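Q: Here you go, entry.cif (mmCIF, C-alpha atoms and all ligand atoms):
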```cif
data_protein
loop_
_atom_site.label_atom_id
_atom_site.label_comp_id
_atom_site.auth_asym_id
_atom_site.auth_seq_id
_atom_site.Cartn_x
_atom_site.Cartn_y
_atom_site.Cartn_z
CA MET A 7 92.17 158.38 158.85
CA GLN A 8 94.60 156.36 160.94
CA GLU A 9 92.23 153.38 160.67
CA LEU A 10 92.31 153.63 156.89
CA THR A 11 96.10 153.81 156.60
CA ASP A 12 96.41 150.94 159.07
CA GLY A 13 93.95 149.07 156.86
CA LEU A 14 96.01 149.76 153.74
CA ARG A 15 99.06 148.28 155.40
CA ARG A 16 97.12 145.27 156.70
CA PHE A 17 95.65 144.70 153.23
CA ARG A 18 99.09 144.76 151.61
CA ARG A 19 100.57 142.53 154.31
CA GLU A 20 97.75 140.01 154.92
CA ALA A 21 94.97 140.14 152.31
CA PHE A 22 96.95 140.79 149.13
CA PRO A 23 99.47 137.91 149.20
CA PRO A 24 96.89 135.08 149.05
CA ARG A 25 95.27 136.86 146.05
CA ALA A 26 98.48 137.88 144.31
CA ALA A 27 97.80 135.63 141.31
CA LEU A 28 94.25 136.96 141.01
CA PHE A 29 95.42 140.56 141.07
CA ALA A 30 98.16 139.82 138.53
CA ASP A 31 95.50 138.38 136.23
CA LEU A 32 93.12 141.29 136.88
CA ALA A 33 95.85 143.82 136.10
CA ALA A 34 95.44 142.90 132.44
CA ARG A 35 91.79 141.81 132.33
CA HIS A 36 88.53 143.49 133.37
CA ARG A 37 85.50 141.29 132.67
CA PRO A 38 83.04 141.69 135.55
CA GLY A 39 79.87 139.64 135.19
CA THR A 40 77.53 141.95 137.08
CA LEU A 41 76.72 145.63 137.28
CA PHE A 42 75.68 146.23 140.88
CA ILE A 43 73.76 149.44 141.55
CA GLY A 44 73.46 149.96 145.28
CA CYS A 45 73.01 152.71 147.83
CA SER A 46 75.99 154.74 149.05
CA ASP A 47 75.03 153.72 152.59
CA SER A 48 78.17 152.51 154.38
CA ARG A 49 76.33 149.54 155.85
CA VAL A 50 75.55 147.92 152.51
CA VAL A 51 78.79 146.51 151.10
CA PRO A 52 78.18 144.81 147.73
CA GLU A 53 81.25 142.58 147.70
CA LEU A 54 80.68 141.49 151.30
CA ILE A 55 76.97 140.62 151.03
CA THR A 56 77.48 138.76 147.74
CA GLN A 57 80.82 137.27 148.79
CA SER A 58 82.36 138.46 145.53
CA GLU A 59 86.04 138.68 144.70
CA PRO A 60 87.77 141.65 143.05
CA GLY A 61 86.96 141.77 139.36
CA GLU A 62 83.48 140.29 139.69
CA LEU A 63 81.26 143.33 140.35
CA PHE A 64 81.16 146.63 138.49
CA VAL A 65 79.72 148.83 141.21
CA VAL A 66 77.74 152.06 141.08
CA ARG A 67 76.62 153.45 144.41
CA THR A 68 74.32 156.44 144.68
CA ALA A 69 72.18 157.89 147.45
CA GLY A 70 69.03 155.77 147.37
CA ASN A 71 70.36 153.46 144.60
CA LEU A 72 68.74 155.79 142.10
CA VAL A 73 69.07 155.50 138.32
CA PRO A 74 68.12 158.73 136.51
CA PRO A 75 66.15 157.98 133.36
CA HIS A 76 67.82 158.34 129.99
CA PRO A 77 68.64 160.86 128.56
CA ALA A 78 70.31 162.21 131.61
CA GLY A 79 73.06 164.34 130.08
CA ALA A 80 76.58 164.20 131.46
CA ASP A 81 75.67 161.79 134.18
CA ALA A 82 78.03 159.47 136.07
CA VAL A 83 75.35 156.81 136.48
CA ALA A 84 74.43 156.79 132.77
CA ALA A 85 78.11 156.63 131.79
CA SER A 86 78.76 153.71 134.13
CA ILE A 87 75.69 151.81 132.87
CA GLU A 88 76.68 152.42 129.25
CA TYR A 89 80.24 151.24 129.85
CA ALA A 90 79.35 148.20 131.96
CA VAL A 91 76.64 146.95 129.61
CA GLY A 92 77.88 148.21 126.25
CA VAL A 93 81.63 147.67 126.61
CA LEU A 94 82.26 145.23 129.44
CA GLY A 95 79.25 143.15 128.46
CA VAL A 96 77.96 142.28 131.91
CA SER A 97 75.27 139.61 131.83
CA ASP A 98 73.37 140.80 134.91
CA VAL A 99 72.39 144.06 136.56
CA VAL A 100 71.33 144.22 140.19
CA VAL A 101 69.54 147.20 141.70
CA CYS A 102 69.81 146.78 145.46
CA GLY A 103 67.81 148.78 147.99
CA HIS A 104 68.06 148.27 151.72
CA SER A 105 66.30 148.57 155.03
CA GLY A 106 66.38 151.90 156.84
CA CYS A 107 67.49 153.80 153.72
CA GLY A 108 68.07 157.46 154.57
CA ALA A 109 67.18 158.59 151.06
CA MET A 110 63.84 156.76 151.15
CA THR A 111 63.18 158.06 154.66
CA ALA A 112 63.76 161.61 153.39
CA LEU A 113 61.29 160.99 150.56
CA VAL A 114 58.66 159.80 153.02
CA THR A 115 59.14 162.47 155.67
CA GLY A 116 60.67 165.37 153.71
CA ASP A 117 62.58 166.22 156.88
CA GLY A 118 65.55 168.52 156.40
CA LEU A 119 65.38 168.63 152.61
CA ASP A 120 64.91 172.41 152.61
CA ARG A 121 68.51 172.67 153.88
CA LEU A 122 69.84 170.10 151.39
CA PRO A 123 69.12 171.40 147.89
CA SER A 124 71.45 168.94 146.14
CA VAL A 125 69.93 165.99 147.98
CA ALA A 126 66.41 167.24 147.26
CA ALA A 127 67.25 167.63 143.56
CA TRP A 128 68.76 164.15 143.38
CA LEU A 129 65.84 162.51 145.18
CA ARG A 130 63.47 163.63 142.45
CA HIS A 131 64.75 160.50 140.67
CA GLY A 132 63.37 158.34 143.48
CA ALA A 133 60.03 156.62 143.48
CA GLY A 134 57.33 159.01 144.54
CA VAL A 135 55.34 158.47 147.68
CA ALA A 136 52.49 158.06 145.20
CA ASP A 137 54.28 154.89 144.04
CA GLU A 138 53.83 153.24 147.42
CA PRO A 139 52.05 149.99 146.71
CA ASP A 140 49.13 150.68 148.99
CA PRO A 141 47.81 154.25 149.20
CA GLY A 142 46.31 153.22 152.52
CA VAL A 143 49.75 153.18 154.10
CA ALA A 144 49.75 156.99 154.26
CA ASP A 145 48.74 156.77 157.91
CA ALA A 146 51.09 153.86 158.70
CA PRO A 147 54.19 154.34 160.88
CA VAL A 148 57.13 155.92 159.07
CA GLU A 149 59.18 152.68 159.24
CA HIS A 150 56.44 150.80 157.40
CA ARG A 151 56.12 153.49 154.75
CA VAL A 152 59.89 153.57 154.27
CA ALA A 153 59.98 149.78 153.92
CA ALA A 154 57.23 149.96 151.27
CA LEU A 155 58.96 152.79 149.42
CA VAL A 156 62.33 150.98 149.46
CA ARG A 157 60.65 148.16 147.52
CA ALA A 158 58.64 150.41 145.19
CA ASN A 159 61.81 152.37 144.51
CA VAL A 160 63.77 149.29 143.42
CA ALA A 161 61.00 148.46 140.94
CA THR A 162 60.99 152.08 139.70
CA GLN A 163 64.77 152.11 139.20
CA LEU A 164 64.62 148.83 137.26
CA ALA A 165 62.11 150.49 134.92
CA ARG A 166 64.41 153.54 134.57
CA LEU A 167 67.29 151.22 133.77
CA ARG A 168 65.34 149.94 130.78
CA THR A 169 65.26 153.47 129.30
CA HIS A 170 69.06 153.38 128.82
CA PRO A 171 69.83 152.39 125.21
CA ALA A 172 72.66 149.99 126.05
CA VAL A 173 70.36 148.15 128.48
CA ALA A 174 67.41 148.07 126.07
CA GLU A 175 69.62 146.75 123.31
CA ALA A 176 71.16 144.02 125.49
CA LEU A 177 67.70 143.03 126.76
CA ASP A 178 66.48 142.76 123.16
CA ARG A 179 69.34 140.36 122.45
CA GLN A 180 68.45 138.43 125.62
CA ALA A 181 72.03 139.03 126.72
CA LEU A 182 71.12 140.76 129.96
CA THR A 183 69.01 140.00 133.02
CA LEU A 184 67.82 142.62 135.49
CA HIS A 185 67.42 141.85 139.18
CA GLY A 186 65.86 143.82 142.04
CA TRP A 187 66.99 143.13 145.59
CA VAL A 188 66.27 144.54 149.02
CA TYR A 189 68.92 143.87 151.67
CA ASP A 190 67.99 143.84 155.35
CA ILE A 191 70.83 145.25 157.44
CA ALA A 192 69.79 143.69 160.75
CA SER A 193 69.41 140.12 159.48
CA GLY A 194 71.70 140.01 156.44
CA THR A 195 68.85 138.59 154.36
CA VAL A 196 67.84 139.59 150.84
CA GLU A 197 64.43 139.75 149.17
CA THR A 198 64.30 139.47 145.38
CA TYR A 199 61.83 141.13 143.03
CA ASP A 200 59.48 139.08 140.88
CA ARG A 201 58.51 141.46 138.08
CA ASP A 202 55.65 139.33 136.78
CA ALA A 203 54.00 139.18 140.21
CA ASP A 204 55.23 142.68 141.15
CA ARG A 205 56.26 141.45 144.58
CA PHE A 206 59.35 140.74 146.66
CA ALA A 207 60.05 137.37 148.22
CA ALA A 208 62.78 136.18 150.58
CA LEU A 209 65.74 134.51 148.92
CA PRO A 210 65.86 130.98 150.36
CA CYS A 211 68.92 130.32 152.51
ZN ZN B 1 70.21 153.95 151.32
#
```
Output the file's structure as structure tokens, nothing else.
Ligand SMILES: [Zn+2]
A:
Amino acid sequence: MQELTDGLRRFRREAFPPRAALFADLAARHRPGTLFIGCSDSRVVPELITQSEPGELFVVRTAGNLVPPHPAGADAVAASIEYAVGVLGVSDVVVCGHSGCGAMTALVTGDGLDRLPSVAAWLRHGAGVADEPDPGVADAPVEHRVAALVRANVATQLARLRTHPAVAEALDRQALTLHGWVYDIASGTVETYDRDADRFAALPC
């Protein structure tokens, strides 16, 4: 905790002053352009990897960057999607998966889930192993299967996103664009999803 309180002081002393005008403006205005749905994984930091300033991203982070389908009941993810799209009027939604995702690894291996009932229940919203693009990968090394499932899962969550009424309505008005990304922790690179081709390709540097 000492690191965090030291960080708070350093932020106030060093990072805040150069952005004082921005924060003064943001105190009265909240118009983010993008809803970013990422994994809770501490290594994937939306503002850092997109080099975004405060006020630019409306962020939802869940284990495995999962989006439960609508209707989901009293659901924090559904509420955040509804608010970001329906009220804030974001123009873009990003669903971002990442390399070495613990949630996707758990889906592939099933290891430890019997002791984690809440995790197991949540992961039912993930892409199924049956969604892996190539059924032949069943015998592949776990890392390869996880990498394939990370990608299949992003595509699945984009489809789930479309079941939310605020998203469907904004898509109908052509006021919203959906994006699927996979971030690689080791290299800092991102692959983007091409829905028409149903494939991921590296974002050119
Ligand atoms: Zn993850």
Q: List every residue of chain A that has an atom at most 12 Å from any atom of ligand ZN 1 (chain B), giving for each one its closest atom pair and the distance in Å to one decimal, counting all atoms listed in the file, sorted by chain and then by ascending residue number, as JSON lines.
A:
```
{"residue": "A:Ile43", "atom": "CA", "partner": "B:ZN1", "partner_atom": "ZN", "distance": 11.3}
{"residue": "A:Gly44", "atom": "CA", "partner": "B:ZN1", "partner_atom": "ZN", "distance": 7.9}
{"residue": "A:Cys45", "atom": "CA", "partner": "B:ZN1", "partner_atom": "ZN", "distance": 4.6}
{"residue": "A:Ser46", "atom": "CA", "partner": "B:ZN1", "partner_atom": "ZN", "distance": 6.3}
{"residue": "A:Asp47", "atom": "CA", "partner": "B:ZN1", "partner_atom": "ZN", "distance": 5.0}
{"residue": "A:Ser48", "atom": "CA", "partner": "B:ZN1", "partner_atom": "ZN", "distance": 8.6}
{"residue": "A:Arg49", "atom": "CA", "partner": "B:ZN1", "partner_atom": "ZN", "distance": 8.8}
{"residue": "A:Val50", "atom": "CA", "partner": "B:ZN1", "partner_atom": "ZN", "distance": 8.1}
{"residue": "A:Val51", "atom": "CA", "partner": "B:ZN1", "partner_atom": "ZN", "distance": 11.4}
{"residue": "A:Arg67", "atom": "CA", "partner": "B:ZN1", "partner_atom": "ZN", "distance": 9.4}
{"residue": "A:Thr68", "atom": "CA", "partner": "B:ZN1", "partner_atom": "ZN", "distance": 8.2}
{"residue": "A:Ala69", "atom": "CA", "partner": "B:ZN1", "partner_atom": "ZN", "distance": 5.9}
{"residue": "A:Gly70", "atom": "CA", "partner": "B:ZN1", "partner_atom": "ZN", "distance": 4.5}
{"residue": "A:Asn71", "atom": "CA", "partner": "B:ZN1", "partner_atom": "ZN", "distance": 6.7}
{"residue": "A:Leu72", "atom": "CA", "partner": "B:ZN1", "partner_atom": "ZN", "distance": 9.5}
{"residue": "A:Val101", "atom": "CA", "partner": "B:ZN1", "partner_atom": "ZN", "distance": 11.8}
{"residue": "A:Cys102", "atom": "CA", "partner": "B:ZN1", "partner_atom": "ZN", "distance": 9.3}
{"residue": "A:Gly103", "atom": "CA", "partner": "B:ZN1", "partner_atom": "ZN", "distance": 6.6}
{"residue": "A:His104", "atom": "CA", "partner": "B:ZN1", "partner_atom": "ZN", "distance": 6.1}
{"residue": "A:Ser105", "atom": "CA", "partner": "B:ZN1", "partner_atom": "ZN", "distance": 7.6}
{"residue": "A:Gly106", "atom": "CA", "partner": "B:ZN1", "partner_atom": "ZN", "distance": 7.0}
{"residue": "A:Cys107", "atom": "CA", "partner": "B:ZN1", "partner_atom": "ZN", "distance": 3.6}
{"residue": "A:Gly108", "atom": "CA", "partner": "B:ZN1", "partner_atom": "ZN", "distance": 5.2}
{"residue": "A:Ala109", "atom": "CA", "partner": "B:ZN1", "partner_atom": "ZN", "distance": 5.5}
{"residue": "A:Met110", "atom": "CA", "partner": "B:ZN1", "partner_atom": "ZN", "distance": 7.0}
{"residue": "A:Thr111", "atom": "CA", "partner": "B:ZN1", "partner_atom": "ZN", "distance": 8.8}
{"residue": "A:Ala112", "atom": "CA", "partner": "B:ZN1", "partner_atom": "ZN", "distance": 10.2}
{"residue": "A:Leu113", "atom": "CA", "partner": "B:ZN1", "partner_atom": "ZN", "distance": 11.4}
{"residue": "A:Leu129", "atom": "CA", "partner": "B:ZN1", "partner_atom": "ZN", "distance": 11.4}
{"residue": "A:Gly132", "atom": "CA", "partner": "B:ZN1", "partner_atom": "ZN", "distance": 11.3}
{"residue": "A:Val152", "atom": "CA", "partner": "B:ZN1", "partner_atom": "ZN", "distance": 10.7}
{"residue": "A:Ala153", "atom": "CA", "partner": "B:ZN1", "partner_atom": "ZN", "distance": 11.3}
{"residue": "A:Leu155", "atom": "CA", "partner": "B:ZN1", "partner_atom": "ZN", "distance": 11.5}
{"residue": "A:Val156", "atom": "CA", "partner": "B:ZN1", "partner_atom": "ZN", "distance": 8.6}
{"residue": "A:Arg157", "atom": "CA", "partner": "B:ZN1", "partner_atom": "ZN", "distance": 11.8}
{"residue": "A:Asn159", "atom": "CA", "partner": "B:ZN1", "partner_atom": "ZN", "distance": 10.9}
{"residue": "A:Val160", "atom": "CA", "partner": "B:ZN1", "partner_atom": "ZN", "distance": 11.2}
{"residue": "A:Val188", "atom": "CA", "partner": "B:ZN1", "partner_atom": "ZN", "distance": 10.5}
{"residue": "A:Tyr189", "atom": "CA", "partner": "B:ZN1", "partner_atom": "ZN", "distance": 10.2}
{"residue": "A:Asp190", "atom": "CA", "partner": "B:ZN1", "partner_atom": "ZN", "distance": 11.1}
{"residue": "A:Ile191", "atom": "CA", "partner": "B:ZN1", "partner_atom": "ZN", "distance": 10.7}
```
Q: Mind working out the centre and edge lengths of an axis-aligned box for range 86-95 of chain A, all listed atoms inside, 6 Å added to each side, rounded to one decimal in Å and written as AutoDock Vina command-line options?
A:
```
--center_x 79.0 --center_y 148.4 --center_z 130.2 --size_x 18.6 --size_y 22.6 --size_z 19.9
```
Q: Measure the distance from CA of Leu209 in chain A to CA of Thr195 in chain A in Å and round it to one decimal.
A: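 About the pair CA of Leu209 in chain A and CA of Thr195 in chain A: they are 7.5 Å apart.
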Q: So which one's closest to Leu164 in chain A, A:Ala26, A:Val99, A:Val93, A:Met7? Using all atoms listed in the file, please.
A: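 Nearest candidate to Leu164 in chain A out of A:Ala26, A:Val99, A:Val93, A:Met7: A:Val99.
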Q: Just how far from CA of Pro38 in chain A is CA of Arg19 in chain A, in Å to one decimal?
A: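 Atom-to-atom, CA of Arg19 in chain A to CA of Pro38 in chain A, that is 25.7 Å.
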Q: Do you have the CA of Leu182 in chain A-CA of Val91 in chain A distance handy?
A: 8.3 Å
Q: Write out as a ChimeraX atom specification each polymer residue whose atoms come within 8 Å of Pro74 in chain A, counting all atoms listed in the file; drop sequence neighbours fewer than 5 positions from it.
A: /A:83-84,131,163,166
Q: In the coordinates of the file, take the point (81.1, 146.5, 129.5) and a cut-off of 10 Å; then, counting only C-alpha atoms, name each qualifying protein, DNA or RNA residue as a list in words.
A: His36, Arg37, Pro38, Gly39, Thr40, Leu41, Phe64, Ser86, Ile87, Glu88, Tyr89, Ala90, Val91, Gly92, Val93, Leu94, Gly95, Val96, Ser97 and Ala172 of chain A
Q: Considering only C-alpha atoms, can you say which of A:Val114, A:Gly13, A:Thr169, A:Arg25 comes closest to Asp145 in chain A?
A: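 Looking at the shortest contact to Asp145 in chain A, the residue is A:Val114.
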Q: Identify which of the residues A:Pro147, A:Pro75, A:Gly116, A:Pro52 lies closest to Val196 in chain A, counting all atoms listed in the file when measuring atom-to-atom distances.
A: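 So, comparing all the options, the nearest one is A:Pro52.
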Q: So, with all atoms listed in the file as the atoms that count, which of A:Val73, A:Leu32, A:Cys211, A:Val66 lies closest to Arg130 in chain A?
A: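 When distances to Arg130 in chain A are compared using all atoms listed in the file, the smallest one comes from A:Val73.
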Q: From the options A:Val173, A:Ala82, A:Ala165, A:Leu122, which residue's atoms come nearest to Val65 in chain A, counting only C-alpha atoms?
A: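 Closest to Val65 in chain A, using only C-alpha atoms: A:Ala82.
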Q: Using all atoms listed in the file, find the one residue out of A:Leu177, A:Ser193, A:Ala34, A:Pro60 that sits nearest to Phe22 in chain A.
A: A:Pro60
Q: Select range 22-99 of chain A in the preceding structure and write C-alpha atoms to a file as an mmCIF file, in the first residue's frame.
A:
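Output contents, as saved in result21.cif:
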```
data_model
loop_
_atom_site.group_PDB
_atom_site.id
_atom_site.type_symbol
_atom_site.label_atom_id
_atom_site.label_comp_id
_atom_site.auth_asym_id
_atom_site.auth_seq_id
_atom_site.Cartn_x
_atom_site.Cartn_y
_atom_site.Cartn_z
ATOM 1 C CA PHE A 22 -1.405 16.626 -12.167
ATOM 2 C CA PRO A 23 0.032 20.143 -12.622
ATOM 3 C CA PRO A 24 0.801 19.811 -16.371
ATOM 4 C CA ARG A 25 -2.781 18.536 -16.886
ATOM 5 C CA ALA A 26 -4.497 20.968 -14.539
ATOM 6 C CA ALA A 27 -6.394 22.675 -17.368
ATOM 7 C CA LEU A 28 -7.516 19.312 -18.763
ATOM 8 C CA PHE A 29 -8.797 18.167 -15.382
ATOM 9 C CA ALA A 30 -10.580 21.488 -14.824
ATOM 10 C CA ASP A 31 -12.337 21.001 -18.150
ATOM 11 C CA LEU A 32 -13.114 17.342 -17.406
ATOM 12 C CA ALA A 33 -14.599 18.251 -14.024
ATOM 13 C CA ALA A 34 -17.608 19.626 -15.892
ATOM 14 C CA ARG A 35 -17.587 17.489 -19.041
ATOM 15 C CA HIS A 36 -17.601 13.729 -19.647
ATOM 16 C CA ARG A 37 -17.619 12.869 -23.357
ATOM 17 C CA PRO A 38 -15.371 9.850 -23.913
ATOM 18 C CA GLY A 39 -15.156 8.693 -27.519
ATOM 19 C CA THR A 40 -14.563 5.012 -26.857
ATOM 20 C CA LEU A 41 -15.928 2.260 -24.650
ATOM 21 C CA PHE A 42 -12.968 -0.023 -23.965
ATOM 22 C CA ILE A 43 -13.820 -3.504 -22.691
ATOM 23 C CA GLY A 44 -10.653 -5.222 -21.554
ATOM 24 C CA CYS A 45 -9.466 -7.923 -19.194
ATOM 25 C CA SER A 46 -8.905 -7.180 -15.509
ATOM 26 C CA ASP A 47 -5.352 -8.473 -15.954
ATOM 27 C CA SER A 48 -2.958 -5.965 -14.364
ATOM 28 C CA ARG A 49 -0.583 -6.179 -17.312
ATOM 29 C CA VAL A 50 -3.048 -4.790 -19.842
ATOM 30 C CA VAL A 51 -3.492 -1.069 -19.151
ATOM 31 C CA PRO A 52 -5.940 0.492 -21.636
ATOM 32 C CA GLU A 53 -4.796 4.100 -21.291
ATOM 33 C CA LEU A 54 -1.135 3.120 -21.528
ATOM 34 C CA ILE A 55 -1.355 0.868 -24.594
ATOM 35 C CA THR A 56 -3.570 3.348 -26.465
ATOM 36 C CA GLN A 57 -1.715 6.401 -25.130
ATOM 37 C CA SER A 58 -5.035 7.949 -24.119
ATOM 38 C CA GLU A 59 -5.553 10.903 -21.823
ATOM 39 C CA PRO A 60 -8.097 11.085 -18.984
ATOM 40 C CA GLY A 61 -11.585 11.581 -20.362
ATOM 41 C CA GLU A 62 -10.995 9.641 -23.580
ATOM 42 C CA LEU A 63 -11.801 6.036 -22.628
ATOM 43 C CA PHE A 64 -14.834 4.697 -20.777
ATOM 44 C CA VAL A 65 -13.357 1.493 -19.405
ATOM 45 C CA VAL A 66 -14.943 -1.794 -18.370
ATOM 46 C CA ARG A 67 -12.562 -4.490 -17.231
ATOM 47 C CA THR A 68 -13.718 -8.013 -16.466
ATOM 48 C CA ALA A 69 -11.954 -11.336 -16.075
ATOM 49 C CA GLY A 70 -11.457 -12.526 -19.646
ATOM 50 C CA ASN A 71 -12.939 -9.330 -21.177
ATOM 51 C CA LEU A 72 -16.296 -11.074 -21.167
ATOM 52 C CA VAL A 73 -19.603 -9.451 -22.135
ATOM 53 C CA PRO A 74 -22.629 -11.411 -20.871
ATOM 54 C CA PRO A 75 -25.374 -11.487 -23.486
ATOM 55 C CA HIS A 76 -28.446 -9.340 -23.022
ATOM 56 C CA PRO A 77 -30.686 -9.675 -21.037
ATOM 57 C CA ALA A 78 -28.299 -10.125 -18.205
ATOM 58 C CA GLY A 79 -30.302 -8.736 -15.300
ATOM 59 C CA ALA A 80 -28.680 -6.415 -12.787
ATOM 60 C CA ASP A 81 -25.315 -6.624 -14.419
ATOM 61 C CA ALA A 82 -22.457 -4.125 -14.108
ATOM 62 C CA VAL A 83 -21.255 -4.812 -17.642
ATOM 63 C CA ALA A 84 -24.707 -4.309 -19.194
ATOM 64 C CA ALA A 85 -25.214 -1.103 -17.208
ATOM 65 C CA SER A 86 -21.856 0.286 -18.311
ATOM 66 C CA ILE A 87 -22.516 -0.587 -21.968
ATOM 67 C CA GLU A 88 -25.975 0.983 -21.827
ATOM 68 C CA TYR A 89 -24.643 4.173 -20.252
ATOM 69 C CA ALA A 90 -21.577 4.523 -22.476
ATOM 70 C CA VAL A 91 -23.459 3.906 -25.722
ATOM 71 C CA GLY A 92 -26.916 5.223 -24.879
ATOM 72 C CA VAL A 93 -26.047 8.273 -22.771
ATOM 73 C CA LEU A 94 -22.429 9.218 -23.405
ATOM 74 C CA GLY A 95 -22.757 8.406 -27.094
ATOM 75 C CA VAL A 96 -19.370 6.805 -27.661
ATOM 76 C CA SER A 97 -18.608 6.275 -31.345
ATOM 77 C CA ASP A 98 -16.446 3.172 -30.907
ATOM 78 C CA VAL A 99 -16.335 0.061 -28.752
#
```
